[in-house]
Every structure is written in C-alpha cells, then in structure tokens.
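Below is one structure, written out as structure tokens; comments come after it.
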Amino acid sequence: MDEQYKATVDTQAPVMEPGYTFGTVTEKISAIVLTRPASNGWFIGFGIAFLLTMMMLYAIGYLFLKGVGIWGVTIPIGWGFAIVNFVWWIGIGHAGTLISAILLLLRQSWRNSINRFAEAMTLFAVACAGIFPAIHVGRPWLAYWLFPYPSTMGVWPQFRSPLIWDVFAVSTYATISALFWFIGLIPDMATLRDRATHPAARIIYGMLSMGWRGSARHWHRYETAYLLLAGLATPLVLSVHTVVSFDFAVGIVPGWHTTIFPPYFVAGAIYSGFAMVLMLAIPIRKIYNLEDFITELHLQNAAKVMLATGLIVAYGYGIEAFMGWYSGDRYDAFTIWNRLHGPYAVPYWSLLICNIFIPQLLWIKKMRTSPLALFLLSGVILVGMWLERFIIVVVSLHRDFLTSSWGMYYPTRWDWMTYIGTIGMFLAAMFLFLRLLPAISIFEMRTLLPEAEVKE
Amino acid sequence: MKRDPVYGIMAEFDSATALVEAARHTHQAGYNKIDAYSPFPIEGLAEEIGFHRDEVPLVVLIGGIVGGLTGYLMQYWMSAVDYPLNIGGKPYHSWPAFIVITFEMTILFAGISAVLGMLALNGLPMPYHPVFNVPRFSSASKDRFFLIVFSSDPKYDPAGTRGFLQSLKPRSISEVPS
C-alpha cells in the first residue's frame, strides 16, 4: 500500500479498537451468550415485544375467523397494508445480505463486526414479510397453491406473471439467507461448545457446530463455499427487490408502469435496511459494551451508504415526476399531480421530508458520528420508506383510468395491529438471538487482529 | 482390522505463523497424513499440509446447472406441454417470462449445493472425533493452533515422530487416543 494513502486511512476510526487478543475477543463476544445474566431491561424489552407478537397472532386469528373484510382493503385498493408491509419488510432485509455478501466480495473488512446480526435481521425481516402475502390471499389455508405441485385439478401456476416470480424469488432469498447465516455460525458454535459449562448448552451448541474442529482442509472448503455463497447471494439480493418491483411495474396502473422501478426499489431497500441496521446496532453496542467492535467507523460507513442510496431514491422520485410530464400521458401526469395535491398529499409530503430532505443532514460529519442523531435519523428514514410503499400501493390504485372506479383506503385497527405486531415479532426474535447466539462473528473478528497475520 | 490405539500425535502452537511453519516443515519431512487446526481460516495453511483439490466449486457448478435446467424445463413442461393455457395471446413457450424463475432456481440449487457439498466433503456433521479427546484441544476454537501427525502415516513411529514434533518447539505435545 502507498505510504501516504496508508497514513490517511490510519487517521480514521479503526475497525476494532487495539489491545485485543484472540482470547479476549472470544471471551467478550461469547460472554454475552454464556455467562452474562439477562438484565431486567432485556426482560422488559422482550416482554413488550412478546406481547406485541401476541397481538399480531390475535389479529391474524380474528382475520382467519372473519376474512379480509376486517381490513381496510376494498376495490379498487385491493392491496392495502398487507403489500405495503410486505415490501417494507423485504426491503429491510436487503441490507443484511448487502453487508454479508456484497461487502465480503468487495473485501470490506469492517463488515465482520456487523454481518452476523445484520443477517439475523434479514432472516427475521423476511419472516415478517412472508406473513403478509400468505394472509392476504383471502383463503390462507390454500396459500400452498402458490407453488407448482401436482394437484388433482391438473393446473399449474401462471409463469408469465410476476407474482409467481415473486414466490420463487422470496422463498429462494429466505432459504439462501438462512443457509448463509447458518454456515457463518458453524465455527462460532464450536467456540460456544468448547466454552459452555452447562451440559445442555454443550450438547445443543455441539449439535449446531456439526462437530466443527477447525481443520485446515475444512477451513479451505468452508471459505470456498462461503465465498461462492456470497457470489450467489449478491445477484440474488438485487433480483429480489427487482422482482418485487415487477409486481408493480408489469401492471399498467399509472404510477406503477415504469422502468425506473427496479433500480429505485433496490436502492430504497438498502436505504431502509441500513436504517434498521443502525437502529439495532446503536443500542446493541451501547448495552453490551461493544463499542470497541462496532466502532464509529461502522456508524459512519452505514451513514454514507444511507446517504448514497437515499440520493438514488431521490433520483427515482425525480424521474417519476419527470416521466409524468415528459410521457405526455395524461394519466401519468395526473398521478403525480394527485400525489402532490390529492387526498393523500400529507403522506406524500411527509415521505419527501423523511426520505429526501431530513437525510441531507448526513452530509454533516457531526451527524454521521453522533449515535443518537443517527438513531433518530434512521427512525425517520424507516417511516419515510414505509410511507413510500404506502404511496406506491394506495395512491396509484385509488385513482386509475375511470372516475367511476375511484375510491379511498382507510386502514382499520386490524391493519395496524397486524403491522405493529410484526414489529413486535421482529424485535422478540432479535432479543432471543442476542442471548442465544453470538451477535458478532467471533472467528471473523479474530481474522481482523494483527496477530492473525502470518509472518514469513 | 486391528485399530491402532493411538490416533496420532498432536503439537500445540501459540501463533498462526508458528503453525504454518511447523506444517511446512512436517510436510517437507515426508509426513503426508497430517492435519492442522486453527480458530480461524489461515490463508495457505491447507496447501502447506498437502491439500490441493477443493471440489466445492465443482459441486456448486453442477448444482447451479441442474437448478437452472430444472427451473426452465419445469416451466416449459407445465406451460407448453402438460397444460397449455392461452394467456393474453402469449406463446405457450414464453421464454423471456421464464428467465426469472430459471435464475432463482439456479441460485437456489447452487447455494444449497455449496452448503451441503462443503459439509459432505468435510465429513460433517461428525459429533465425535478422536482429537476432541485431548483436553487442550478445546482452545483450538479460541486462541491455540494444533498440528497432528496421524498414526496411519507410513513414516509414523511413536518415538521418532514425537521427537520430530519436539524439534518444532511447540508449546505442548499430546498423544491422541483413538
């Protein structure tokens, strides 16, 4: 490396604070799982999240009893909250894969301290997302009709429809994310197996470790498989939100039928995903004293990714408005006008403020280095990205080509209970994850230590 | 077949550098049935112990090809052969519309092959292994580095091999019961 360049790099916040050894890194991360008692705060937080999960199950139970009539969905707005929340959650998951796969391929070693919980975030977010299409189909006990299976009716899914592409994209994404997360955990499970004192913990972690013993041959194949999975997950994650955007873009509804959708959906997904990563990372590093591992550098880098993807999203909004005018299509032009001045103008302006105007504060270095500011800003972005999906789904559907088919959408309390309930389920899963599995990849942190380097 | 009561002789080292050097010397001394254990992947260590054929990429390639073919042929057969349906006047064999699922199935099969292939080639899951009989070996998942010469090595002899490993200046030496 060029000396001058190296000097400028060294002035940045480090990936990991100095002074750690293999032993102390291992102890510090595994102690959260093995020895540290659960605090009252953990029980309160988990308790609230668990109650919200119960609320979600209640709302879904009532839905199964009564049908989708309890929701606000009507014709013309048949998609409503279910699809808004589905797209929002899937998008949040994307940052986990970006961090674990794309940054691995780009050799960004700072990913090593945040990839594990970001991948957990992906899994839980995809689980929350998966609930919505399944309960939205109207007859959820027949949701398996989505898959091609040899039925007595002899028919098959309609493969020319983006909706069936979505089934394959999302289920592949969920599977690959789970596999990636699991193989990343194997060596750390071995560490926990060797450190745990409770016999049950030894057995459970021992089973999960698959008998990992750290042989050089094993590591070699492991690294090959891990790298190949990263290479496979990279185009996969880009394809998932692209296919989600096809659900809209292939339709002819004004405001949906546009080619900017795939890139702008992917950018929006990463935007909201990094916001969620920060909303999780900032309290986790504080509560579990992990500031030495999740340093200022991580927060700054995540903030920069948010700034960049936020600008791509802003460009997407700009192109939508431009095409509304440039296409000369009166329905497209009306869609833009209706967003700005129609009955849903308040959510649209809020979305512009949350997603475009407020995040420009990230240009200021002070904002990028202040955990509290980043936490609040991430919350604003998550709200903004949820509003974006609301605008896309609801505003386009409620005013289409014929005035006779115009309508309004008002979510009911069941819509809100289900949505807020999935946030509870997501948080409950995160709380359990923090206590049961190493939240930071221990073996990848070891490779960041200077003593890991082989000197010839 | 009579089983040797000794599985091998294991030497413990303090650092990655020491392990790589020890592995190189041991391999150069003519020992072929050896293995090295470390708490994290060390670049080049596998080559030092004579491991050159990593078949994981091949498994993944085959998995990906099988997945892609499965995805495409499934859609073709279902849409154009088994139950042709005229949808919007589109051809039964609408290949551009089949690309997305073909791609997803390629990734799905390749990814599953990567994980299962890696585990199978590594012989995992294997909950019991003789090296776990060495109490000190629990540090192999933390901060210690181990090198083992298996008793099945043709050049292995209890005293000579132990003496050779001693010359590599390890932290400790233990016999691994099988």
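Identifiers in the structure tokens: chain A, B, ... in order shown; residue index from 1 per chain; ligand index from 1 in order shown.
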Shell of 10 Å around region 402-405 of chain A, only C-alpha atoms, local chain residues under 4 positions omitted, as a ChimeraX atom specification: /A:75-76,397-398
7 Å contacts from chain B to chain A using only C-alpha atoms, as number ranges by chain: B: 16-17, 35-41, 45-46, 51, 54, 56, 75, 78, 83, 97-98, 100-101, 104, 107-108, 111, 114-115, 118, 122, 124-128, 138, 141-143
Using DSSP on the backbone coordinates, identify all residues within region 104-230 of chain A classified as helix (DSSP H, G or I); present the result as an mmCIF file with N, CA and C atoms, in the first residue's frame.
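Dumped to states15.cif:
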```cif
data_model
loop_
_atom_site.group_PDB
_atom_site.id
_atom_site.type_symbol
_atom_site.label_atom_id
_atom_site.label_comp_id
_atom_site.auth_asym_id
_atom_site.auth_seq_id
_atom_site.Cartn_x
_atom_site.Cartn_y
_atom_site.Cartn_z
ATOM 1 N N LEU A 104 -18.429 -8.564 1.505
ATOM 2 C CA LEU A 104 -17.399 -9.611 1.568
ATOM 3 C C LEU A 104 -16.655 -9.675 0.237
ATOM 4 N N LEU A 105 -17.416 -9.645 -0.852
ATOM 5 C CA LEU A 105 -16.776 -9.695 -2.172
ATOM 6 C C LEU A 105 -15.908 -8.461 -2.396
ATOM 7 N N SER A 109 -13.412 -5.190 5.274
ATOM 8 C CA SER A 109 -13.300 -5.981 6.495
ATOM 9 C C SER A 109 -14.151 -5.419 7.630
ATOM 10 N N TRP A 110 -14.595 -4.180 7.539
ATOM 11 C CA TRP A 110 -15.427 -3.628 8.616
ATOM 12 C C TRP A 110 -16.750 -4.357 8.724
ATOM 13 N N ARG A 111 -17.120 -5.109 7.691
ATOM 14 C CA ARG A 111 -18.388 -5.842 7.748
ATOM 15 C C ARG A 111 -18.363 -6.925 8.820
ATOM 16 N N ASN A 112 -17.129 -7.394 9.190
ATOM 17 C CA ASN A 112 -17.023 -8.557 10.069
ATOM 18 C C ASN A 112 -17.701 -8.380 11.414
ATOM 19 N N SER A 113 -17.798 -7.134 11.892
ATOM 20 C CA SER A 113 -18.406 -6.999 13.212
ATOM 21 C C SER A 113 -19.906 -6.744 13.131
ATOM 22 N N ASN A 115 -21.903 -8.193 10.359
ATOM 23 C CA ASN A 115 -22.622 -9.060 9.419
ATOM 24 C C ASN A 115 -23.548 -10.048 10.122
ATOM 25 N N ARG A 116 -23.123 -10.575 11.284
ATOM 26 C CA ARG A 116 -23.927 -11.608 11.921
ATOM 27 C C ARG A 116 -25.308 -11.105 12.295
ATOM 28 N N PHE A 117 -25.367 -9.973 13.021
ATOM 29 C CA PHE A 117 -26.708 -9.557 13.430
ATOM 30 C C PHE A 117 -27.464 -8.929 12.271
ATOM 31 N N ALA A 118 -26.732 -8.412 11.266
ATOM 32 C CA ALA A 118 -27.441 -7.908 10.080
ATOM 33 C C ALA A 118 -28.104 -9.062 9.331
ATOM 34 N N GLU A 119 -27.418 -10.234 9.306
ATOM 35 C CA GLU A 119 -28.034 -11.394 8.654
ATOM 36 C C GLU A 119 -29.227 -11.900 9.458
ATOM 37 N N ALA A 120 -29.105 -11.844 10.783
ATOM 38 C CA ALA A 120 -30.250 -12.232 11.616
ATOM 39 C C ALA A 120 -31.411 -11.301 11.336
ATOM 40 N N MET A 121 -31.097 -10.010 11.211
ATOM 41 C CA MET A 121 -32.122 -9.024 10.882
ATOM 42 C C MET A 121 -32.800 -9.396 9.559
ATOM 43 N N THR A 122 -31.996 -9.796 8.565
ATOM 44 C CA THR A 122 -32.549 -10.202 7.273
ATOM 45 C C THR A 122 -33.543 -11.339 7.445
ATOM 46 N N LEU A 123 -33.125 -12.363 8.176
ATOM 47 C CA LEU A 123 -33.992 -13.531 8.336
ATOM 48 C C LEU A 123 -35.307 -13.166 8.999
ATOM 49 N N PHE A 124 -35.213 -12.391 10.089
ATOM 50 C CA PHE A 124 -36.434 -12.057 10.822
ATOM 51 C C PHE A 124 -37.313 -11.130 9.983
ATOM 52 N N ALA A 125 -36.678 -10.225 9.232
ATOM 53 C CA ALA A 125 -37.468 -9.319 8.393
ATOM 54 C C ALA A 125 -38.175 -10.099 7.289
ATOM 55 N N VAL A 126 -37.468 -11.079 6.705
ATOM 56 C CA VAL A 126 -38.106 -11.881 5.654
ATOM 57 C C VAL A 126 -39.237 -12.713 6.255
ATOM 58 N N ALA A 127 -39.048 -13.181 7.478
ATOM 59 C CA ALA A 127 -40.127 -13.938 8.131
ATOM 60 C C ALA A 127 -41.358 -13.056 8.326
ATOM 61 N N CYS A 128 -41.131 -11.800 8.756
ATOM 62 C CA CYS A 128 -42.262 -10.875 8.919
ATOM 63 C C CYS A 128 -42.909 -10.605 7.570
ATOM 64 N N ALA A 129 -42.057 -10.414 6.540
ATOM 65 C CA ALA A 129 -42.590 -10.119 5.205
ATOM 66 C C ALA A 129 -43.435 -11.285 4.707
ATOM 67 N N GLY A 130 -42.948 -12.495 4.942
ATOM 68 C CA GLY A 130 -43.627 -13.669 4.405
ATOM 69 C C GLY A 130 -45.037 -13.853 4.934
ATOM 70 N N ILE A 131 -45.302 -13.318 6.139
ATOM 71 C CA ILE A 131 -46.640 -13.463 6.721
ATOM 72 C C ILE A 131 -47.683 -12.787 5.830
ATOM 73 N N PHE A 132 -47.323 -11.601 5.288
ATOM 74 C CA PHE A 132 -48.348 -10.757 4.674
ATOM 75 C C PHE A 132 -48.970 -11.329 3.407
ATOM 76 N N PRO A 133 -48.163 -11.749 2.414
ATOM 77 C CA PRO A 133 -48.838 -12.307 1.237
ATOM 78 C C PRO A 133 -49.664 -13.537 1.604
ATOM 79 N N ALA A 134 -49.175 -14.326 2.559
ATOM 80 C CA ALA A 134 -49.884 -15.559 2.915
ATOM 81 C C ALA A 134 -51.254 -15.251 3.530
ATOM 82 N N ILE A 135 -51.323 -14.205 4.379
ATOM 83 C CA ILE A 135 -52.619 -13.915 4.993
ATOM 84 C C ILE A 135 -53.455 -13.016 4.093
ATOM 85 N N HIS A 136 -52.843 -12.462 3.041
ATOM 86 C CA HIS A 136 -53.579 -11.556 2.158
ATOM 87 C C HIS A 136 -54.321 -12.307 1.049
ATOM 88 N N PRO A 140 -56.163 -18.267 3.322
ATOM 89 C CA PRO A 140 -54.760 -18.579 3.625
ATOM 90 C C PRO A 140 -54.477 -20.071 3.732
ATOM 91 N N TRP A 141 -55.519 -20.859 3.985
ATOM 92 C CA TRP A 141 -55.270 -22.300 4.071
ATOM 93 C C TRP A 141 -54.970 -22.890 2.688
ATOM 94 N N LEU A 142 -55.165 -22.082 1.650
ATOM 95 C CA LEU A 142 -54.843 -22.556 0.302
ATOM 96 C C LEU A 142 -53.597 -21.855 -0.244
ATOM 97 N N ALA A 143 -52.829 -21.217 0.651
ATOM 98 C CA ALA A 143 -51.658 -20.458 0.183
ATOM 99 C C ALA A 143 -50.664 -21.357 -0.548
ATOM 100 N N TYR A 144 -50.704 -22.650 -0.267
ATOM 101 C CA TYR A 144 -49.749 -23.541 -0.951
ATOM 102 C C TYR A 144 -50.048 -23.659 -2.438
ATOM 103 N N TRP A 145 -51.184 -23.143 -2.888
ATOM 104 C CA TRP A 145 -51.459 -23.135 -4.320
ATOM 105 C C TRP A 145 -50.447 -22.291 -5.086
ATOM 106 N N LEU A 146 -49.741 -21.427 -4.343
ATOM 107 C CA LEU A 146 -48.728 -20.594 -4.993
ATOM 108 C C LEU A 146 -47.616 -21.439 -5.604
ATOM 109 N N PRO A 162 -45.550 -11.854 -12.777
ATOM 110 C CA PRO A 162 -44.511 -11.519 -11.792
ATOM 111 C C PRO A 162 -44.873 -11.998 -10.391
ATOM 112 N N LEU A 163 -46.140 -12.210 -10.116
ATOM 113 C CA LEU A 163 -46.497 -12.637 -8.763
ATOM 114 C C LEU A 163 -45.917 -14.011 -8.455
ATOM 115 N N ILE A 164 -45.890 -14.897 -9.458
ATOM 116 C CA ILE A 164 -45.297 -16.220 -9.204
ATOM 117 C C ILE A 164 -43.771 -16.108 -9.190
ATOM 118 N N TRP A 165 -43.223 -15.159 -9.973
ATOM 119 C CA TRP A 165 -41.766 -14.939 -9.887
ATOM 120 C C TRP A 165 -41.410 -14.553 -8.452
ATOM 121 N N ASP A 166 -42.264 -13.739 -7.865
ATOM 122 C CA ASP A 166 -42.018 -13.262 -6.515
ATOM 123 C C ASP A 166 -41.987 -14.416 -5.518
ATOM 124 N N VAL A 167 -42.879 -15.390 -5.716
ATOM 125 C CA VAL A 167 -42.901 -16.553 -4.825
ATOM 126 C C VAL A 167 -41.526 -17.231 -4.857
ATOM 127 N N PHE A 168 -41.000 -17.433 -6.068
ATOM 128 C CA PHE A 168 -39.706 -18.096 -6.190
ATOM 129 C C PHE A 168 -38.584 -17.204 -5.654
ATOM 130 N N ALA A 169 -38.652 -15.911 -5.973
ATOM 131 C CA ALA A 169 -37.572 -15.012 -5.544
ATOM 132 C C ALA A 169 -37.510 -14.943 -4.021
ATOM 133 N N VAL A 170 -38.663 -14.756 -3.384
ATOM 134 C CA VAL A 170 -38.651 -14.565 -1.931
ATOM 135 C C VAL A 170 -38.330 -15.873 -1.218
ATOM 136 N N SER A 171 -38.847 -17.003 -1.712
ATOM 137 C CA SER A 171 -38.534 -18.250 -1.000
ATOM 138 C C SER A 171 -37.063 -18.634 -1.208
ATOM 139 N N THR A 172 -36.516 -18.359 -2.397
ATOM 140 C CA THR A 172 -35.084 -18.602 -2.588
ATOM 141 C C THR A 172 -34.274 -17.702 -1.668
ATOM 142 N N TYR A 173 -34.700 -16.446 -1.585
ATOM 143 C CA TYR A 173 -33.976 -15.483 -0.751
ATOM 144 C C TYR A 173 -33.982 -15.916 0.708
ATOM 145 N N ALA A 174 -35.144 -16.343 1.187
ATOM 146 C CA ALA A 174 -35.231 -16.791 2.576
ATOM 147 C C ALA A 174 -34.320 -18.001 2.796
ATOM 148 N N THR A 175 -34.323 -18.947 1.857
ATOM 149 C CA THR A 175 -33.511 -20.160 2.015
ATOM 150 C C THR A 175 -32.025 -19.826 2.013
ATOM 151 N N ILE A 176 -31.601 -19.046 1.017
ATOM 152 C CA ILE A 176 -30.168 -18.743 0.905
ATOM 153 C C ILE A 176 -29.707 -17.903 2.102
ATOM 154 N N SER A 177 -30.553 -16.967 2.559
ATOM 155 C CA SER A 177 -30.159 -16.162 3.724
ATOM 156 C C SER A 177 -29.994 -17.049 4.948
ATOM 157 N N ALA A 178 -30.896 -18.005 5.123
ATOM 158 C CA ALA A 178 -30.802 -18.900 6.278
ATOM 159 C C ALA A 178 -29.544 -19.761 6.190
ATOM 160 N N LEU A 179 -29.243 -20.264 4.990
ATOM 161 C CA LEU A 179 -28.048 -21.099 4.830
ATOM 162 C C LEU A 179 -26.783 -20.293 5.090
ATOM 163 N N PHE A 180 -26.748 -19.093 4.556
ATOM 164 C CA PHE A 180 -25.576 -18.232 4.698
ATOM 165 C C PHE A 180 -25.341 -17.930 6.175
ATOM 166 N N TRP A 181 -26.404 -17.631 6.860
ATOM 167 C CA TRP A 181 -26.337 -17.324 8.284
ATOM 168 C C TRP A 181 -25.867 -18.559 9.041
ATOM 169 N N PHE A 182 -26.413 -19.694 8.683
ATOM 170 C CA PHE A 182 -26.080 -20.915 9.412
ATOM 171 C C PHE A 182 -24.618 -21.306 9.203
ATOM 172 N N ILE A 183 -24.135 -21.277 7.967
ATOM 173 C CA ILE A 183 -22.748 -21.726 7.828
ATOM 174 C C ILE A 183 -21.791 -20.700 8.447
ATOM 175 N N GLY A 184 -22.209 -19.436 8.472
ATOM 176 C CA GLY A 184 -21.389 -18.459 9.182
ATOM 177 C C GLY A 184 -21.306 -18.777 10.667
ATOM 178 N N LEU A 185 -22.359 -19.392 11.191
ATOM 179 C CA LEU A 185 -22.408 -19.670 12.631
ATOM 180 C C LEU A 185 -21.621 -20.915 13.026
ATOM 181 N N ILE A 186 -21.374 -21.832 12.085
ATOM 182 C CA ILE A 186 -20.806 -23.136 12.467
ATOM 183 C C ILE A 186 -19.519 -23.006 13.308
ATOM 184 N N PRO A 187 -18.491 -22.264 12.840
ATOM 185 C CA PRO A 187 -17.274 -22.197 13.668
ATOM 186 C C PRO A 187 -17.517 -21.558 15.033
ATOM 187 N N ASP A 188 -18.439 -20.594 15.093
ATOM 188 C CA ASP A 188 -18.721 -19.951 16.377
ATOM 189 C C ASP A 188 -19.489 -20.885 17.306
ATOM 190 N N MET A 189 -20.302 -21.755 16.720
ATOM 191 C CA MET A 189 -20.995 -22.758 17.535
ATOM 192 C C MET A 189 -19.962 -23.667 18.197
ATOM 193 N N ALA A 190 -18.878 -23.980 17.447
ATOM 194 C CA ALA A 190 -17.816 -24.808 18.024
ATOM 195 C C ALA A 190 -17.162 -24.086 19.191
ATOM 196 N N THR A 191 -16.960 -22.771 19.037
ATOM 197 C CA THR A 191 -16.386 -21.992 20.129
ATOM 198 C C THR A 191 -17.287 -22.049 21.355
ATOM 199 N N LEU A 192 -18.585 -21.875 21.145
ATOM 200 C CA LEU A 192 -19.511 -21.898 22.284
ATOM 201 C C LEU A 192 -19.561 -23.293 22.902
ATOM 202 N N ARG A 193 -19.493 -24.323 22.056
ATOM 203 C CA ARG A 193 -19.479 -25.698 22.565
ATOM 204 C C ARG A 193 -18.288 -25.900 23.507
ATOM 205 N N ASP A 194 -17.132 -25.372 23.118
ATOM 206 C CA ASP A 194 -15.934 -25.562 23.931
ATOM 207 C C ASP A 194 -15.895 -24.653 25.155
ATOM 208 N N ARG A 195 -16.666 -23.565 25.134
ATOM 209 C CA ARG A 195 -16.644 -22.628 26.260
ATOM 210 C C ARG A 195 -17.774 -22.903 27.259
ATOM 211 N N PRO A 199 -24.194 -28.557 30.705
ATOM 212 C CA PRO A 199 -24.187 -29.697 29.773
ATOM 213 C C PRO A 199 -25.202 -29.547 28.631
ATOM 214 N N ALA A 200 -26.389 -28.991 28.925
ATOM 215 C CA ALA A 200 -27.385 -28.836 27.853
ATOM 216 C C ALA A 200 -26.860 -27.896 26.777
ATOM 217 N N ALA A 201 -26.223 -26.799 27.227
ATOM 218 C CA ALA A 201 -25.678 -25.847 26.263
ATOM 219 C C ALA A 201 -24.597 -26.515 25.424
ATOM 220 N N ARG A 202 -23.752 -27.341 26.083
ATOM 221 C CA ARG A 202 -22.678 -28.021 25.337
ATOM 222 C C ARG A 202 -23.269 -28.921 24.263
ATOM 223 N N ILE A 203 -24.333 -29.625 24.632
ATOM 224 C CA ILE A 203 -24.923 -30.562 23.666
ATOM 225 C C ILE A 203 -25.570 -29.797 22.516
ATOM 226 N N ILE A 204 -26.339 -28.755 22.850
ATOM 227 C CA ILE A 204 -27.057 -28.025 21.790
ATOM 228 C C ILE A 204 -26.063 -27.330 20.868
ATOM 229 N N TYR A 205 -25.098 -26.602 21.456
ATOM 230 C CA TYR A 205 -24.124 -25.932 20.598
ATOM 231 C C TYR A 205 -23.271 -26.963 19.864
ATOM 232 N N GLY A 206 -23.010 -28.088 20.524
ATOM 233 C CA GLY A 206 -22.228 -29.145 19.877
ATOM 234 C C GLY A 206 -22.940 -29.692 18.655
ATOM 235 N N MET A 207 -24.256 -29.896 18.774
ATOM 236 C CA MET A 207 -25.019 -30.364 17.620
ATOM 237 C C MET A 207 -24.982 -29.328 16.502
ATOM 238 N N LEU A 208 -25.220 -28.057 16.890
ATOM 239 C CA LEU A 208 -25.272 -27.000 15.870
ATOM 240 C C LEU A 208 -23.914 -26.792 15.204
ATOM 241 N N ALA A 216 -7.580 -27.502 8.756
ATOM 242 C CA ALA A 216 -7.189 -26.633 7.642
ATOM 243 C C ALA A 216 -7.925 -27.010 6.362
ATOM 244 N N ARG A 217 -8.116 -28.332 6.155
ATOM 245 C CA ARG A 217 -8.865 -28.757 4.962
ATOM 246 C C ARG A 217 -10.303 -28.250 5.034
ATOM 247 N N HIS A 218 -10.881 -28.362 6.233
ATOM 248 C CA HIS A 218 -12.259 -27.902 6.404
ATOM 249 C C HIS A 218 -12.365 -26.412 6.161
ATOM 250 N N TRP A 219 -11.425 -25.657 6.727
ATOM 251 C CA TRP A 219 -11.454 -24.207 6.551
ATOM 252 C C TRP A 219 -11.366 -23.844 5.074
ATOM 253 N N HIS A 220 -10.551 -24.597 4.353
ATOM 254 C CA HIS A 220 -10.369 -24.280 2.941
ATOM 255 C C HIS A 220 -11.684 -24.446 2.191
ATOM 256 N N ARG A 221 -12.335 -25.587 2.384
ATOM 257 C CA ARG A 221 -13.607 -25.809 1.694
ATOM 258 C C ARG A 221 -14.674 -24.834 2.220
ATOM 259 N N TYR A 222 -14.583 -24.565 3.512
ATOM 260 C CA TYR A 222 -15.538 -23.644 4.131
ATOM 261 C C TYR A 222 -15.450 -22.266 3.498
ATOM 262 N N GLU A 223 -14.216 -21.785 3.367
ATOM 263 C CA GLU A 223 -14.057 -20.449 2.796
ATOM 264 C C GLU A 223 -14.502 -20.409 1.345
ATOM 265 N N THR A 224 -14.212 -21.501 0.603
ATOM 266 C CA THR A 224 -14.661 -21.555 -0.784
ATOM 267 C C THR A 224 -16.183 -21.491 -0.839
ATOM 268 N N ALA A 225 -16.830 -22.310 -0.010
ATOM 269 C CA ALA A 225 -18.297 -22.338 -0.020
ATOM 270 C C ALA A 225 -18.865 -20.990 0.397
ATOM 271 N N TYR A 226 -18.226 -20.372 1.390
ATOM 272 C CA TYR A 226 -18.718 -19.090 1.899
ATOM 273 C C TYR A 226 -18.614 -18.011 0.828
ATOM 274 N N LEU A 227 -17.471 -18.019 0.133
ATOM 275 C CA LEU A 227 -17.258 -17.028 -0.921
ATOM 276 C C LEU A 227 -18.231 -17.254 -2.076
ATOM 277 N N LEU A 228 -18.434 -18.529 -2.445
ATOM 278 C CA LEU A 228 -19.361 -18.814 -3.537
ATOM 279 C C LEU A 228 -20.784 -18.429 -3.152
ATOM 280 N N LEU A 229 -21.150 -18.694 -1.901
ATOM 281 C CA LEU A 229 -22.486 -18.295 -1.456
ATOM 282 C C LEU A 229 -22.640 -16.782 -1.533
ATOM 283 N N ALA A 230 -21.579 -16.068 -1.161
ATOM 284 C CA ALA A 230 -21.636 -14.605 -1.249
ATOM 285 C C ALA A 230 -21.823 -14.192 -2.705
#
```
Polymer residues at most 12 Å from region 421-424 of chain A, only C-alpha atoms, same-chain spacing of 3 or more positions, as a PyMOL selection string: chain A and resi 45-60+82+85-86+88-89+92+121+124-132+276+413-418+427-431
Prev. selection, C-alpha atoms, output as a tab-separated table (two decimals), in the first residue's frame:
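Full text of again.tsv as output:
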```tsv
chain	number	residue	atom	x	y	z
A	45	GLY	CA	-37.92	-5.33	26.19
A	46	PHE	CA	-38.56	-8.94	25.31
A	47	GLY	CA	-41.81	-8.86	27.25
A	48	ILE	CA	-43.14	-5.89	25.31
A	49	ALA	CA	-42.07	-7.45	22.01
A	50	PHE	CA	-43.67	-10.73	23.00
A	51	LEU	CA	-46.97	-9.02	23.88
A	52	LEU	CA	-46.95	-7.28	20.50
A	53	THR	CA	-46.38	-10.67	18.86
A	54	MET	CA	-49.40	-11.99	20.73
A	55	MET	CA	-51.38	-9.01	19.47
A	56	MET	CA	-50.37	-9.91	15.93
A	57	LEU	CA	-51.46	-13.51	16.42
A	58	TYR	CA	-54.76	-12.27	17.81
A	59	ALA	CA	-55.29	-10.01	14.79
A	60	ILE	CA	-54.41	-12.83	12.40
A	82	ALA	CA	-50.50	-6.29	3.51
A	85	ASN	CA	-45.74	-4.06	4.85
A	86	PHE	CA	-44.51	-6.96	2.74
A	88	TRP	CA	-41.20	-2.69	3.56
A	89	TRP	CA	-40.01	-5.76	5.46
A	92	ILE	CA	-35.24	-4.01	5.30
A	121	MET	CA	-32.12	-9.02	10.88
A	124	PHE	CA	-36.43	-12.06	10.82
A	125	ALA	CA	-37.47	-9.32	8.39
A	126	VAL	CA	-38.11	-11.88	5.65
A	127	ALA	CA	-40.13	-13.94	8.13
A	128	CYS	CA	-42.26	-10.88	8.92
A	129	ALA	CA	-42.59	-10.12	5.21
A	130	GLY	CA	-43.63	-13.67	4.41
A	131	ILE	CA	-46.64	-13.46	6.72
A	132	PHE	CA	-48.35	-10.76	4.67
A	276	MET	CA	-32.70	-0.69	10.50
A	413	ARG	CA	-57.36	-1.18	13.68
A	414	TRP	CA	-56.73	-4.77	12.49
A	415	ASP	CA	-54.38	-3.48	9.83
A	416	TRP	CA	-52.44	-1.54	12.44
A	417	MET	CA	-52.44	-4.39	14.94
A	418	THR	CA	-51.02	-6.79	12.37
A	427	LEU	CA	-37.90	-7.45	17.98
A	428	ALA	CA	-38.76	-10.54	20.02
A	429	ALA	CA	-36.70	-12.66	17.63
A	430	MET	CA	-33.82	-10.16	17.87
A	431	PHE	CA	-33.95	-10.25	21.68
```
Which residue of B:Ser172, B:Ser79, B:Ser167, B:Ser152 approaches Phe137 (chain B) most closely, using only C-alpha atoms: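 Looking only at the distances to Phe137 (chain B), the closest residue turns out to be B:Ser172.
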